[in-house]
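Participant: Sharing work.cif, mmCIF, C-alpha atoms:
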data_coords
loop_
_atom_site.label_atom_id
_atom_site.label_comp_id
_atom_site.auth_asym_id
_atom_site.auth_seq_id
_atom_site.Cartn_x
_atom_site.Cartn_y
_atom_site.Cartn_z
CA TRP A 628 0.00 0.00 0.00
CA CYS A 629 2.90 2.42 0.46
CA PHE A 630 3.42 2.83 -3.32
CA VAL A 631 -0.32 3.46 -3.84
CA GLY A 632 -0.25 5.98 -0.97
CA LYS A 633 2.73 7.75 -2.54
CA ARG A 634 0.93 8.04 -5.89
CA ARG A 635 -2.24 9.35 -4.29
CA LEU A 636 -0.35 11.82 -2.11
CA GLU A 637 1.46 13.11 -5.21
CA ALA A 638 -1.88 13.58 -6.98
CA ALA A 639 -3.31 15.45 -3.98
CA MET A 640 -0.21 17.64 -3.78
CA THR A 641 -0.58 18.49 -7.47
CA ASP A 642 -4.23 19.41 -6.90
CA ILE A 643 -3.31 21.95 -4.20
CA SER A 644 0.03 23.11 -5.57
CA ASP A 645 -1.32 26.63 -6.15
CA LYS A 646 -2.48 26.84 -2.51
CA ALA A 647 0.27 25.15 -0.53
CA ASP A 648 3.93 24.22 -0.71
CA VAL A 649 4.08 20.67 0.63
CA GLN A 650 7.33 18.96 1.54
CA VAL A 651 7.40 15.19 2.10
CA THR A 652 9.88 13.58 4.45
CA TRP A 653 10.02 9.79 4.44
CA ARG A 654 10.41 8.22 7.88
CA PRO A 655 11.72 4.69 8.41
CA TYR A 656 9.38 1.98 9.54
CA GLN A 657 10.43 -1.64 9.42
CA LEU A 658 7.47 -3.94 9.01
CA ASN A 659 9.57 -7.00 9.80
CA ALA A 660 12.90 -6.41 11.50
CA ALA A 661 13.42 -10.18 11.68
CA ALA A 662 13.29 -10.60 7.89
CA PRO A 663 16.49 -11.97 6.35
CA GLY A 664 18.87 -9.55 4.66
CA GLY A 665 20.90 -10.05 1.52
CA LYS A 666 19.03 -11.77 -1.30
CA GLY A 667 15.96 -12.26 0.92
CA VAL A 668 13.28 -14.93 0.58
CA ASN A 669 10.66 -15.66 -2.07
CA LYS A 670 8.06 -12.89 -1.91
CA MET A 671 5.03 -15.08 -2.68
CA GLU A 672 6.05 -17.75 -0.20
CA MET A 673 6.48 -15.11 2.50
CA TYR A 674 3.05 -13.63 1.69
CA LYS A 675 1.45 -17.07 1.86
CA MET A 676 3.08 -17.77 5.23
CA LYS A 677 2.04 -14.38 6.59
CA PHE A 678 -1.51 -14.12 5.21
CA GLY A 679 -2.44 -17.64 4.12
CA GLU A 680 -2.79 -18.91 0.57
CA ASP A 681 -6.53 -18.13 0.25
CA ARG A 682 -6.11 -14.52 1.37
CA VAL A 683 -3.14 -14.01 -0.98
CA ARG A 684 -5.21 -15.38 -3.87
CA GLN A 685 -7.90 -12.78 -3.05
CA MET A 686 -5.49 -9.91 -2.42
CA LEU A 687 -3.37 -10.04 -5.57
CA PRO A 688 -6.06 -9.25 -8.17
CA MET A 689 -7.34 -6.40 -6.00
CA MET A 690 -3.85 -4.96 -5.55
CA ILE A 691 -3.04 -5.27 -9.25
CA GLU A 692 -6.27 -3.47 -10.17
CA THR A 693 -5.73 -0.78 -7.53
CA GLY A 694 -2.17 -0.24 -8.71
CA GLN A 695 -3.21 0.07 -12.34
CA LYS A 696 -5.57 2.91 -11.43
CA ASP A 697 -2.58 4.78 -9.99
CA GLY A 698 -0.13 3.91 -12.76
CA ILE A 699 1.63 1.14 -10.84
CA ARG A 700 2.36 -2.22 -12.48
CA PHE A 701 2.49 -4.47 -9.41
CA SER A 702 4.43 -7.69 -9.96
CA TYR A 703 4.72 -10.26 -7.23
CA GLY A 704 7.74 -12.31 -8.27
CA GLY A 705 11.19 -11.97 -6.80
CA ASN A 706 12.33 -11.85 -3.22
CA THR A 707 11.67 -9.74 -0.15
CA GLY A 708 14.03 -9.12 2.72
CA ASN A 709 15.06 -6.90 5.60
CA THR A 710 14.64 -3.18 4.82
CA TRP A 711 17.18 -1.89 7.38
CA ASP A 712 19.77 -0.88 4.79
CA SER A 713 17.21 0.67 2.44
CA HIS A 714 15.94 2.84 5.31
CA ARG A 715 19.48 3.94 6.15
CA LEU A 716 19.99 4.81 2.48
CA ILE A 717 16.73 6.80 2.40
CA SER A 718 17.96 8.78 5.41
CA LEU A 719 21.22 9.56 3.62
CA ALA A 720 19.25 10.58 0.51
CA ARG A 721 17.21 13.05 2.59
CA LYS A 722 20.42 14.84 3.59
CA GLN A 723 21.34 15.16 -0.08
CA GLY A 724 17.91 16.36 -1.22
CA LYS A 725 17.28 13.14 -3.16
CA GLN A 726 15.01 11.27 -0.80
CA ASP A 727 11.84 11.20 -2.89
CA ALA A 728 13.75 10.20 -6.03
CA LEU A 729 15.33 7.30 -4.15
CA VAL A 730 12.04 6.18 -2.60
CA GLU A 731 10.47 6.21 -6.07
CA GLU A 732 13.33 4.11 -7.45
CA LEU A 733 13.15 1.62 -4.57
CA PHE A 734 9.37 1.31 -4.89
CA ARG A 735 9.68 0.64 -8.62
CA ASN A 736 12.47 -1.86 -7.97
CA TYR A 737 10.49 -3.80 -5.41
CA PHE A 738 6.88 -3.49 -6.53
CA GLU A 739 7.26 -3.48 -10.32
CA GLN A 740 10.66 -4.95 -11.20
CA GLU A 741 10.76 -7.85 -8.71
CA LYS A 742 14.04 -6.72 -7.17
CA CYS A 743 14.89 -7.34 -3.55
CA ILE A 744 15.65 -4.09 -1.73
CA SER A 745 17.72 -5.82 0.92
CA ASP A 746 20.20 -6.85 -1.79
CA HIS A 747 23.17 -4.46 -1.68
CA ASP A 748 23.65 -4.66 -5.46
CA VAL A 749 20.07 -3.44 -5.93
CA LEU A 750 20.57 -0.66 -3.39
CA LEU A 751 23.85 0.45 -4.96
CA GLU A 752 22.25 0.65 -8.41
CA ALA A 753 19.19 2.53 -7.14
CA ALA A 754 21.44 5.01 -5.34
CA ARG A 755 23.60 5.44 -8.43
CA LYS A 756 20.53 6.19 -10.56
CA VAL A 757 19.57 9.11 -8.32
CA GLY A 758 23.13 10.38 -7.84
CA ILE A 759 24.06 9.00 -4.42
CA ASP A 760 27.25 7.15 -3.51
CA ALA A 761 26.04 4.38 -1.22
CA ALA A 762 29.23 2.32 -0.93
CA GLU A 763 30.33 3.73 2.44
CA LEU A 764 26.87 3.39 3.96
CA LEU A 765 26.45 -0.21 2.81
CA GLY A 766 29.95 -1.07 3.96
CA ASP A 767 29.44 0.31 7.46
CA GLY A 768 26.26 -0.70 9.30
CA SER A 769 26.59 2.22 11.70
CA VAL A 770 26.16 4.94 9.05
CA GLU A 771 22.65 6.44 9.42
CA ALA A 772 21.76 3.69 11.91
CA ASP A 773 20.45 6.24 14.40
CA ALA A 774 17.86 7.35 11.81
CA VAL A 775 16.19 3.93 11.64
#
Rewrite the coordinates I just gave you, this time as structure tokens.
Facilitator:
Amino acid sequence: WCFVGKRRLEAAMTDISDKADVQVTWRPYQLNAAAPGGKGVNKMEMYKMKFGEDRVRQMLPMMIETGQKDGIRFSYGGNTGNTWDSHRLISLARKQGKQDALVEELFRNYFEQEKCISDHDVLLEAARKVGIDAAELLGDGSVEADAV
């Protein structure tokens, strides 16, 4: 739902852009701090374990349809993992004025392109695309740790 919320917030901000100057700051929130890092685990298997197979079967068509209305092409393949490092990277991006661009790239990576955002290669490439050097942060777990 976070990608749908982002799209809808952007639309609302556009609607009132002549009345208000809105600034968005992304705050970290780990849904599952116990999730594995690195390459993660199969996204569909994790969903089935968390919600049950019947509920997943009901949820996916609804999410795909909802996403399409907001220009999102949800795809449920790939892996999911621990978001600790992605949150640290988002904090670093905020300090460089590139937070929203990075969040957009990470959302596209995860929700549309079936990439695992706990994978350091994925994070490095996303950071590179928006003009951030993430090597130091990903090499040192203490960088931006206080922000998460």
Participant: Rank nothing, just name the residue among A:Val683, A:Met690, A:Val730, A:Met640 nearest to Thr652 in chain A, using only C-alpha atoms.
Facilitator: A:Val730
Participant: When you look at range 749-755 of chain A with a cut-off of 8 Å (counting all atoms listed in the file), what residues show up, excluding the ones that are within fewer than 3 positions of it in the same chain? I need them as a PyMOL selection string.
Facilitator: chain A and resi 713+716+729+732-733+742-746+758-762
Participant: Go ahead and save the picked residues with C-alpha atoms, as a PDB file, in the frame of the given file.
Facilitator:
ATOM      1  CA  SER A 713      17.210   0.670   2.440  1.00  0.00           C
ATOM      2  CA  LEU A 716      19.990   4.810   2.480  1.00  0.00           C
ATOM      3  CA  LEU A 729      15.330   7.300  -4.150  1.00  0.00           C
ATOM      4  CA  GLU A 732      13.330   4.110  -7.450  1.00  0.00           C
ATOM      5  CA  LEU A 733      13.150   1.620  -4.570  1.00  0.00           C
ATOM      6  CA  LYS A 742      14.040  -6.720  -7.170  1.00  0.00           C
ATOM      7  CA  CYS A 743      14.890  -7.340  -3.550  1.00  0.00           C
ATOM      8  CA  ILE A 744      15.650  -4.090  -1.730  1.00  0.00           C
ATOM      9  CA  SER A 745      17.720  -5.820   0.920  1.00  0.00           C
ATOM     10  CA  ASP A 746      20.200  -6.850  -1.790  1.00  0.00           C
ATOM     11  CA  GLY A 758      23.130  10.380  -7.840  1.00  0.00           C
ATOM     12  CA  ILE A 759      24.060   9.000  -4.420  1.00  0.00           C
ATOM     13  CA  ASP A 760      27.250   7.150  -3.510  1.00  0.00           C
ATOM     14  CA  ALA A 761      26.040   4.380  -1.220  1.00  0.00           C
ATOM     15  CA  ALA A 762      29.230   2.320  -0.930  1.00  0.00           C
TER      16      ALA A 762
END
Participant: Looking at A:Leu636, A:Val631, A:Glu771, A:Gln650, which one is nearest to Lys722 in chain A, with distances taken over only C-alpha atoms?
Facilitator: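 Using only C-alpha atoms, Lys722 in chain A sits closest to A:Glu771.
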Participant: Since I can't run it myself right now, could you work out what the PyMOL selection byres ((chain A and resi 710) around 9) selects here and report it as an MDAnalysis selection string?
Facilitator: chainID A and resid 656:660 662 664 707:709 711:715 744:745
Participant: Take CA of Ser702 in chain A and CA of Ala661 in chain A and report the distance between them in Å, one decimal.
Facilitator: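 Taking CA of Ser702 in chain A as the start and CA of Ala661 in chain A as the end point, the length is 23.6 Å.
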Participant: From the list A:Ala728, A:Met686, A:Ile699, A:Ala774, which residue is nearest Val651 in chain A when using all atoms listed in the file?
Facilitator: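 Closest candidate: A:Ala728.
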Participant: Which is closest to Glu731 in chain A among A:Ala772, A:Trp628, A:Asp767, A:Lys633, if we use all atoms listed in the file?
Facilitator: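 Result for the nearest residue to Glu731 in chain A: A:Lys633.
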Participant: From the set A:Arg684, A:Thr693, A:Phe701, A:Gly665, which residue has the shortest atom-to-atom contact distance to Phe738 in chain A, counting only C-alpha atoms?
Facilitator: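 Of A:Arg684, A:Thr693, A:Phe701, A:Gly665, the one nearest Phe738 in chain A, counting only C-alpha atoms, is A:Phe701.
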Participant: I'd like the residues picked by the PyMOL selection byres ((chain A and resi 673) around 12) written out as a list of chain:residue names, using the chain letters and numbers from the file.
Facilitator: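 This file, filtered by the PyMOL selection byres ((chain A and resi 673) around 12), leaves A:Asn659, A:Ala662, A:Pro663, A:Gly667, A:Val668, A:Asn669, A:Lys670, A:Met671, A:Glu672, A:Tyr674, A:Lys675, A:Met676, A:Lys677, A:Phe678, A:Gly679, A:Glu680, A:Val683, A:Tyr703, A:Gly704, A:Gly705, A:Asn706, A:Thr707, A:Gly708.
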Participant: Using only C-alpha atoms, can you tell me which of A:Arg634, A:Arg682, A:Arg721, A:Lys696 comes closest to Pro655 in chain A?
Facilitator: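 Closest candidate: A:Arg721.
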Participant: How many Å separate CA of Ala720 in chain A from CA of Arg700 in chain A?
Facilitator: 24.9 Å
Participant: Edge lengths and centre in Å to one decimal, as AutoDock Vina command-line options, of the axis-aligned box that encloses all listed atoms of range 736-754 of chain A with 8 Å added on every side?
Facilitator:
--center_x 15.4 --center_y -1.4 --center_z -5.1 --size_x 33.0 --size_y 28.9 --size_z 28.1
